[in-house]
Amino acid sequence: MTRIKTAIFPVAGLGTRFLPTTKSVPKELLPVYDRPLIEYAVEEARLAGIERFVFVNSRNKSSLENHFRAAPALEANLAQKEKVTALQKVRRSILGEALEVVYQDAPLGLGHAVFCAREFVGNRPFAVILPDDFLMCEQPCLAQMIDAWSSVGGNMLATVDVGIPAISAYGCLSITGSDGRLISADALVEKPQPDQAPSTKAVIGRYILQPSVMKRLGQTKPGTGGEIQLTDAISADIKTSGLYGYEFEGQRFDCGQPAGLVEASVAVSRTRVNQVAVAA
Ligand code: G1P
């Protein structure tokens with residue numbers, strides 16, 4: 001069975017919706033309750049068996065990379081004071097050699113961001129994770145998808161039913177059939193007008209993609225919004241690889257919006273309270 005070892009994290013965005021905070025703090029380091037948003041996405045990937053974490057970053061967000069590197073002075077200080085829990089929190093996020101960073105020097109779109117990571121993909125399927133989509137699941141979403149993908153292959157995208165009014169903010173699947181949580185699709189449209197949307201199934205930020213999508217990204221012209229769209233490269237690959245949606249088990253929070261970040265924090269705080277109650 002082909003294993004998915006590499007995940008790409010497009011994190012170069014300016015975080016405009018979170019200004020003024022994001023003037024100097026990367027959006028991905030804002031906390032969901034007690035940990036930075038990006039840590040959850042990295043942890044999800046790790047639990048799904050990912051071994052190489054490729055950040056597509058912008059040059060002025062180096063604190064985001066540093067968060068995943070060792071912090072020798074801080075670690076030594078905490079160790080010397082025997083602050084064991086604090087030390088665990090600091091060490092939990094260290095990725096070491098597993099972290100790779102490439103830079104996206106111009107905001108040319110999600111497809112362009114993914115293409116920036118091509119040197120790490122080669123000829124193996126890979127995952128793309130958008131940390132803004134915060135997913136609370138019993139089994140991590142990417143692991144659920146890899147289980148399903150192992151039987152069908154192709155390109156697989158996590159989907160959520162967002163209803164008609166919201167669909168114009170997402171990639172949207174044209175559905176041909178379904179089997180449990182698995183949806184077969186024959187087309188994918190980026191941000192359709194509600195009256196032209198082929199369904200209400202929106203693509204959210206977890207993708208398992210064939211290396212052929214990377215090749216297609218190299219030939220993809222700017223699309224919706226004048227940006228190079230990942231959606232367009234996946235669409236162009238349908239005849240070669242097929243296309244599936246996966247309606248994961250769990251809850252999604254849109255942490256690309258301040259309200260979503262707050263809602264996710266509240267939801268996580270409840271699980272922490274429950275954990276304490278179970279432990280007590
Ligand atoms: C991107 C993708 C879109 C997808 C969405 C999920 O859009 O282009 O297809 O549905 O992420 O969050 P963005 O949110 O960057 O506009």
# chains A, B, ... in the order shown; residues from 1 in each chain; ligands from 1

call {"tool": "residues_around", "arguments": {"residues": "region 256-263 of chain A", "least_positions_apart": "2", "cutoff": "8 Å", "atoms": "only C-alpha atoms", "output": "JSON, numbers by chain"}}
result
{"A": [15, 17, 18, 32, 132, 133, 253, 254, 265, 266, 267]}

call {"tool": "residues_near_ligand", "arguments": {"ligand": "ligand 1", "cutoff": "8 Å", "atoms": "only C-alpha atoms and all ligand atoms", "output": "VMD selection string"}}
result
chain A and resid 109 to 111 130 132 to 133 169 to 172 189 to 191 202 to 205 229 to 231 254 256

call {"tool": "write_last_selection", "arguments": {"atoms": "N, CA and C atoms", "output": "compact mmCIF listing (two decimals), in the first residue's frame"}}
result
# COMPACT_ATOMS: atom_id res chain seq x y z
N GLY A 109 -1.90 32.64 -5.05
CA GLY A 109 -3.00 31.67 -4.91
C GLY A 109 -2.56 30.37 -4.25
N LEU A 110 -3.58 29.59 -3.83
CA LEU A 110 -3.32 28.32 -3.14
C LEU A 110 -2.58 27.34 -4.05
N GLY A 111 -2.97 27.31 -5.32
CA GLY A 111 -2.30 26.39 -6.26
C GLY A 111 -0.82 26.74 -6.37
N LEU A 130 -4.73 22.75 5.21
CA LEU A 130 -4.91 24.18 5.44
C LEU A 130 -5.26 24.36 6.92
N ASP A 132 -6.22 26.70 8.73
CA ASP A 132 -7.41 27.50 9.06
C ASP A 132 -8.63 26.63 9.32
N ASP A 133 -8.69 25.49 8.63
CA ASP A 133 -9.81 24.57 8.87
C ASP A 133 -9.45 23.73 10.08
N ALA A 169 -18.09 30.53 -1.26
CA ALA A 169 -16.79 30.80 -0.62
C ALA A 169 -15.84 29.60 -0.74
N TYR A 170 -16.30 28.54 -1.44
CA TYR A 170 -15.53 27.28 -1.41
C TYR A 170 -15.38 26.67 -2.80
N GLY A 171 -14.48 25.67 -2.88
CA GLY A 171 -14.50 24.75 -4.00
C GLY A 171 -15.71 23.85 -3.81
N CYS A 172 -16.38 23.47 -4.91
CA CYS A 172 -17.66 22.75 -4.80
C CYS A 172 -17.63 21.53 -5.72
N VAL A 189 -15.67 22.88 -8.93
CA VAL A 189 -15.75 24.27 -9.37
C VAL A 189 -15.30 25.17 -8.22
N GLU A 190 -14.44 26.12 -8.49
CA GLU A 190 -13.97 27.03 -7.45
C GLU A 190 -14.96 28.19 -7.28
N LYS A 191 -15.45 28.34 -6.07
CA LYS A 191 -16.31 29.46 -5.68
C LYS A 191 -17.43 29.78 -6.69
N ALA A 202 -18.96 21.41 -0.01
CA ALA A 202 -17.79 22.28 -0.11
C ALA A 202 -16.52 21.50 0.20
N VAL A 203 -15.47 21.87 -0.50
CA VAL A 203 -14.14 21.31 -0.20
C VAL A 203 -13.56 22.08 0.97
N ILE A 204 -13.07 21.39 1.96
CA ILE A 204 -12.35 22.10 3.03
C ILE A 204 -10.90 21.59 3.07
N GLY A 205 -10.14 22.18 3.98
CA GLY A 205 -8.68 22.10 3.86
C GLY A 205 -7.93 20.83 4.19
N GLN A 229 -5.35 28.42 -8.98
CA GLN A 229 -6.22 27.66 -8.08
C GLN A 229 -5.83 26.18 -8.05
N LEU A 230 -5.72 25.65 -6.83
CA LEU A 230 -5.49 24.21 -6.66
C LEU A 230 -6.65 23.44 -7.29
N THR A 231 -7.86 23.98 -7.09
CA THR A 231 -9.07 23.38 -7.66
C THR A 231 -8.92 23.10 -9.15
N ASP A 254 -14.14 27.31 11.17
CA ASP A 254 -13.40 28.13 10.21
C ASP A 254 -12.54 29.13 10.98
N GLY A 256 -10.18 30.78 9.90
CA GLY A 256 -9.75 31.89 9.07
C GLY A 256 -10.53 33.15 9.41

call {"tool": "closest_residue", "arguments": {"among": "A:Thr271, A:Thr16, A:Phe55, A:Ser241", "to": "Pro131 (chain A)", "atoms": "only C-alpha atoms"}}
result
A:Phe55

call {"tool": "select_by_dssp", "arguments": {"residues": "region 94-199 of chain A", "states": "alpha helix (DSSP H)", "output": "PyMOL selection string"}}
result
chain A and resi 110-115+141-152

call {"tool": "write_last_selection", "arguments": {"atoms": "C-alpha atoms", "output": "compact mmCIF listing (two decimals), in the first residue's frame"}}
result
# COMPACT_ATOMS: atom_id res chain seq x y z
CA LEU A 110 -3.32 28.32 -3.14
CA GLY A 111 -2.30 26.39 -6.26
CA HIS A 112 0.87 28.46 -6.53
CA ALA A 113 1.62 27.89 -2.84
CA VAL A 114 1.34 24.12 -3.24
CA PHE A 115 3.47 24.25 -6.40
CA CYS A 141 -9.55 13.73 9.75
CA LEU A 142 -6.46 13.01 7.66
CA ALA A 143 -6.22 9.51 9.17
CA GLN A 144 -9.91 8.89 8.34
CA MET A 145 -9.23 9.99 4.77
CA ILE A 146 -6.10 7.86 4.37
CA ASP A 147 -8.09 4.81 5.52
CA ALA A 148 -10.73 5.46 2.85
CA TRP A 149 -8.18 6.47 0.20
CA SER A 150 -6.24 3.23 0.69
CA SER A 151 -9.12 1.37 -0.99
CA VAL A 152 -9.96 3.80 -3.81

call {"tool": "select_by_dssp", "arguments": {"residues": "region 65-141 of chain A", "states": "strand (DSSP E)", "output": "NGL selection string"}}
result
:A and (99-103 or 126-129 or 133-136)

call {"tool": "residues_around", "arguments": {"residues": "Ile183 (chain A)", "least_positions_apart": "5", "cutoff": "10 Å", "atoms": "only C-alpha atoms", "output": "MDAnalysis selection string"}}
result
chainID A and resid 156:159 173:178 201 243:247

call {"tool": "write_last_selection", "arguments": {"atoms": "N, CA, C and O atoms", "output": "mmCIF file, in the first residue's frame"}}
result
data_model
loop_
_atom_site.group_PDB
_atom_site.id
_atom_site.type_symbol
_atom_site.label_atom_id
_atom_site.label_comp_id
_atom_site.auth_asym_id
_atom_site.auth_seq_id
_atom_site.Cartn_x
_atom_site.Cartn_y
_atom_site.Cartn_z
ATOM 1 N N MET A 156 -8.425 12.850 -3.297
ATOM 2 C CA MET A 156 -9.515 12.851 -2.317
ATOM 3 C C MET A 156 -9.495 14.144 -1.504
ATOM 4 O O MET A 156 -8.439 14.555 -1.006
ATOM 5 N N LEU A 157 -10.659 14.772 -1.383
ATOM 6 C CA LEU A 157 -10.763 16.057 -0.689
ATOM 7 C C LEU A 157 -11.781 15.945 0.432
ATOM 8 O O LEU A 157 -12.843 15.345 0.248
ATOM 9 N N ALA A 158 -11.475 16.503 1.595
ATOM 10 C CA ALA A 158 -12.456 16.506 2.685
ATOM 11 C C ALA A 158 -13.600 17.446 2.304
ATOM 12 O O ALA A 158 -13.370 18.508 1.717
ATOM 13 N N THR A 159 -14.828 17.036 2.616
ATOM 14 C CA THR A 159 -15.972 17.890 2.269
ATOM 15 C C THR A 159 -16.918 18.074 3.451
ATOM 16 O O THR A 159 -17.005 17.222 4.336
ATOM 17 N N LEU A 173 -18.072 20.380 -5.171
ATOM 18 C CA LEU A 173 -18.029 19.118 -5.917
ATOM 19 C C LEU A 173 -19.308 18.888 -6.713
ATOM 20 O O LEU A 173 -20.404 19.144 -6.214
ATOM 21 N N SER A 174 -19.158 18.359 -7.909
ATOM 22 C CA SER A 174 -20.307 17.844 -8.658
ATOM 23 C C SER A 174 -20.345 16.337 -8.403
ATOM 24 O O SER A 174 -19.398 15.615 -8.736
ATOM 25 N N ILE A 175 -21.451 15.888 -7.811
ATOM 26 C CA ILE A 175 -21.494 14.532 -7.257
ATOM 27 C C ILE A 175 -22.144 13.539 -8.212
ATOM 28 O O ILE A 175 -23.176 13.828 -8.823
ATOM 29 N N THR A 176 -21.528 12.352 -8.305
ATOM 30 C CA THR A 176 -22.128 11.304 -9.141
ATOM 31 C C THR A 176 -22.633 10.128 -8.316
ATOM 32 O O THR A 176 -23.421 9.324 -8.792
ATOM 33 N N GLY A 177 -22.171 10.003 -7.076
ATOM 34 C CA GLY A 177 -22.646 8.889 -6.249
ATOM 35 C C GLY A 177 -22.013 8.951 -4.881
ATOM 36 O O GLY A 177 -21.125 9.775 -4.636
ATOM 37 N N SER A 178 -22.508 8.102 -3.958
ATOM 38 C CA SER A 178 -21.882 8.080 -2.637
ATOM 39 C C SER A 178 -21.980 6.680 -2.041
ATOM 40 O O SER A 178 -22.863 5.888 -2.391
ATOM 41 N N LYS A 201 -21.865 20.592 -1.449
ATOM 42 C CA LYS A 201 -20.701 19.950 -0.820
ATOM 43 C C LYS A 201 -19.450 20.797 -1.069
ATOM 44 O O LYS A 201 -18.950 20.875 -2.206
ATOM 45 N N LEU A 243 -11.826 11.445 -8.780
ATOM 46 C CA LEU A 243 -12.003 12.452 -7.723
ATOM 47 C C LEU A 243 -13.028 11.969 -6.709
ATOM 48 O O LEU A 243 -14.124 11.539 -7.080
ATOM 49 N N TYR A 244 -12.638 12.064 -5.444
ATOM 50 C CA TYR A 244 -13.535 11.679 -4.346
ATOM 51 C C TYR A 244 -13.629 12.806 -3.325
ATOM 52 O O TYR A 244 -12.639 13.489 -3.038
ATOM 53 N N GLY A 245 -14.821 12.949 -2.767
ATOM 54 C CA GLY A 245 -14.982 13.764 -1.574
ATOM 55 C C GLY A 245 -15.056 12.820 -0.384
ATOM 56 O O GLY A 245 -15.442 11.653 -0.545
ATOM 57 N N TYR A 246 -14.692 13.303 0.783
ATOM 58 C CA TYR A 246 -14.824 12.463 1.976
ATOM 59 C C TYR A 246 -15.498 13.277 3.076
ATOM 60 O O TYR A 246 -14.964 14.302 3.525
ATOM 61 N N GLU A 247 -16.705 12.828 3.447
ATOM 62 C CA GLU A 247 -17.443 13.521 4.510
ATOM 63 C C GLU A 247 -16.972 12.991 5.858
ATOM 64 O O GLU A 247 -17.525 12.025 6.367
#

call {"tool": "closest_residue", "arguments": {"among": "A:Lys215, A:His67, A:Lys239, A:Lys83", "to": "Leu30 (chain A)", "atoms": "only C-alpha atoms"}}
result
A:His67

call {"tool": "decode", "arguments": {"residues": "region 118-139 of chain A", "atoms": "N, CA and C atoms", "output": "PDB file, in the first residue's frame"}}
result
ATOM      1  N   ARG A 118       6.979  21.697  -4.711  1.00  0.00           N
ATOM      2  CA  ARG A 118       7.077  20.547  -5.621  1.00  0.00           C
ATOM      3  C   ARG A 118       8.340  19.714  -5.416  1.00  0.00           C
ATOM      4  N   GLU A 119       9.442  20.375  -5.038  1.00  0.00           N
ATOM      5  CA  GLU A 119      10.697  19.618  -4.907  1.00  0.00           C
ATOM      6  C   GLU A 119      10.601  18.534  -3.823  1.00  0.00           C
ATOM      7  N   PHE A 120       9.616  18.633  -2.926  1.00  0.00           N
ATOM      8  CA  PHE A 120       9.505  17.647  -1.843  1.00  0.00           C
ATOM      9  C   PHE A 120       8.526  16.518  -2.160  1.00  0.00           C
ATOM     10  N   VAL A 121       7.903  16.586  -3.315  1.00  0.00           N
ATOM     11  CA  VAL A 121       6.843  15.622  -3.607  1.00  0.00           C
ATOM     12  C   VAL A 121       7.332  14.445  -4.454  1.00  0.00           C
ATOM     13  N   GLY A 122       8.113  14.694  -5.472  1.00  0.00           N
ATOM     14  CA  GLY A 122       8.588  13.593  -6.328  1.00  0.00           C
ATOM     15  C   GLY A 122       7.414  12.859  -6.951  1.00  0.00           C
ATOM     16  N   ASN A 123       7.457  11.516  -6.942  1.00  0.00           N
ATOM     17  CA  ASN A 123       6.375  10.784  -7.612  1.00  0.00           C
ATOM     18  C   ASN A 123       5.501  10.005  -6.635  1.00  0.00           C
ATOM     19  N   ARG A 124       5.300  10.577  -5.469  1.00  0.00           N
ATOM     20  CA  ARG A 124       4.433   9.911  -4.477  1.00  0.00           C
ATOM     21  C   ARG A 124       3.223  10.793  -4.169  1.00  0.00           C
ATOM     22  N   PRO A 125       2.074  10.173  -3.824  1.00  0.00           N
ATOM     23  CA  PRO A 125       0.929  10.977  -3.370  1.00  0.00           C
ATOM     24  C   PRO A 125       1.304  11.755  -2.106  1.00  0.00           C
ATOM     25  N   PHE A 126       0.645  12.869  -1.902  1.00  0.00           N
ATOM     26  CA  PHE A 126       0.978  13.741  -0.774  1.00  0.00           C
ATOM     27  C   PHE A 126      -0.307  14.350  -0.209  1.00  0.00           C
ATOM     28  N   ALA A 127      -0.179  14.931   0.983  1.00  0.00           N
ATOM     29  CA  ALA A 127      -1.336  15.596   1.599  1.00  0.00           C
ATOM     30  C   ALA A 127      -1.132  17.102   1.574  1.00  0.00           C
ATOM     31  N   VAL A 128      -2.238  17.821   1.540  1.00  0.00           N
ATOM     32  CA  VAL A 128      -2.206  19.280   1.739  1.00  0.00           C
ATOM     33  C   VAL A 128      -3.132  19.583   2.907  1.00  0.00           C
ATOM     34  N   ILE A 129      -2.636  20.367   3.841  1.00  0.00           N
ATOM     35  CA  ILE A 129      -3.437  20.703   5.030  1.00  0.00           C
ATOM     36  C   ILE A 129      -3.513  22.220   5.163  1.00  0.00           C
ATOM     37  N   LEU A 130      -4.729  22.750   5.208  1.00  0.00           N
ATOM     38  CA  LEU A 130      -4.912  24.185   5.438  1.00  0.00           C
ATOM     39  C   LEU A 130      -5.262  24.362   6.919  1.00  0.00           C
ATOM     40  N   PRO A 131      -4.324  24.908   7.700  1.00  0.00           N
ATOM     41  CA  PRO A 131      -4.530  24.958   9.151  1.00  0.00           C
ATOM     42  C   PRO A 131      -5.750  25.782   9.586  1.00  0.00           C
ATOM     43  N   ASP A 132      -6.218  26.703   8.727  1.00  0.00           N
ATOM     44  CA  ASP A 132      -7.411  27.503   9.061  1.00  0.00           C
ATOM     45  C   ASP A 132      -8.625  26.626   9.317  1.00  0.00           C
ATOM     46  N   ASP A 133      -8.692  25.488   8.635  1.00  0.00           N
ATOM     47  CA  ASP A 133      -9.809  24.571   8.871  1.00  0.00           C
ATOM     48  C   ASP A 133      -9.447  23.727  10.083  1.00  0.00           C
ATOM     49  N   PHE A 134     -10.038  24.081  11.200  1.00  0.00           N
ATOM     50  CA  PHE A 134      -9.753  23.401  12.467  1.00  0.00           C
ATOM     51  C   PHE A 134     -10.797  22.302  12.627  1.00  0.00           C
ATOM     52  N   LEU A 135     -10.349  21.057  12.740  1.00  0.00           N
ATOM     53  CA  LEU A 135     -11.276  19.928  12.741  1.00  0.00           C
ATOM     54  C   LEU A 135     -11.196  19.177  14.062  1.00  0.00           C
ATOM     55  N   MET A 136     -12.333  19.091  14.732  1.00  0.00           N
ATOM     56  CA  MET A 136     -12.382  18.334  15.989  1.00  0.00           C
ATOM     57  C   MET A 136     -12.987  16.981  15.690  1.00  0.00           C
ATOM     58  N   CYS A 137     -12.162  15.949  15.730  1.00  0.00           N
ATOM     59  CA  CYS A 137     -12.609  14.613  15.323  1.00  0.00           C
ATOM     60  C   CYS A 137     -12.084  13.601  16.330  1.00  0.00           C
ATOM     61  N   GLU A 138     -12.834  12.534  16.507  1.00  0.00           N
ATOM     62  CA  GLU A 138     -12.339  11.465  17.391  1.00  0.00           C
ATOM     63  C   GLU A 138     -11.108  10.813  16.746  1.00  0.00           C
ATOM     64  N   GLN A 139     -11.275  10.372  15.493  1.00  0.00           N
ATOM     65  CA  GLN A 139     -10.095   9.931  14.736  1.00  0.00           C
ATOM     66  C   GLN A 139      -9.697  11.114  13.850  1.00  0.00           C
TER      67      GLN A 139
END
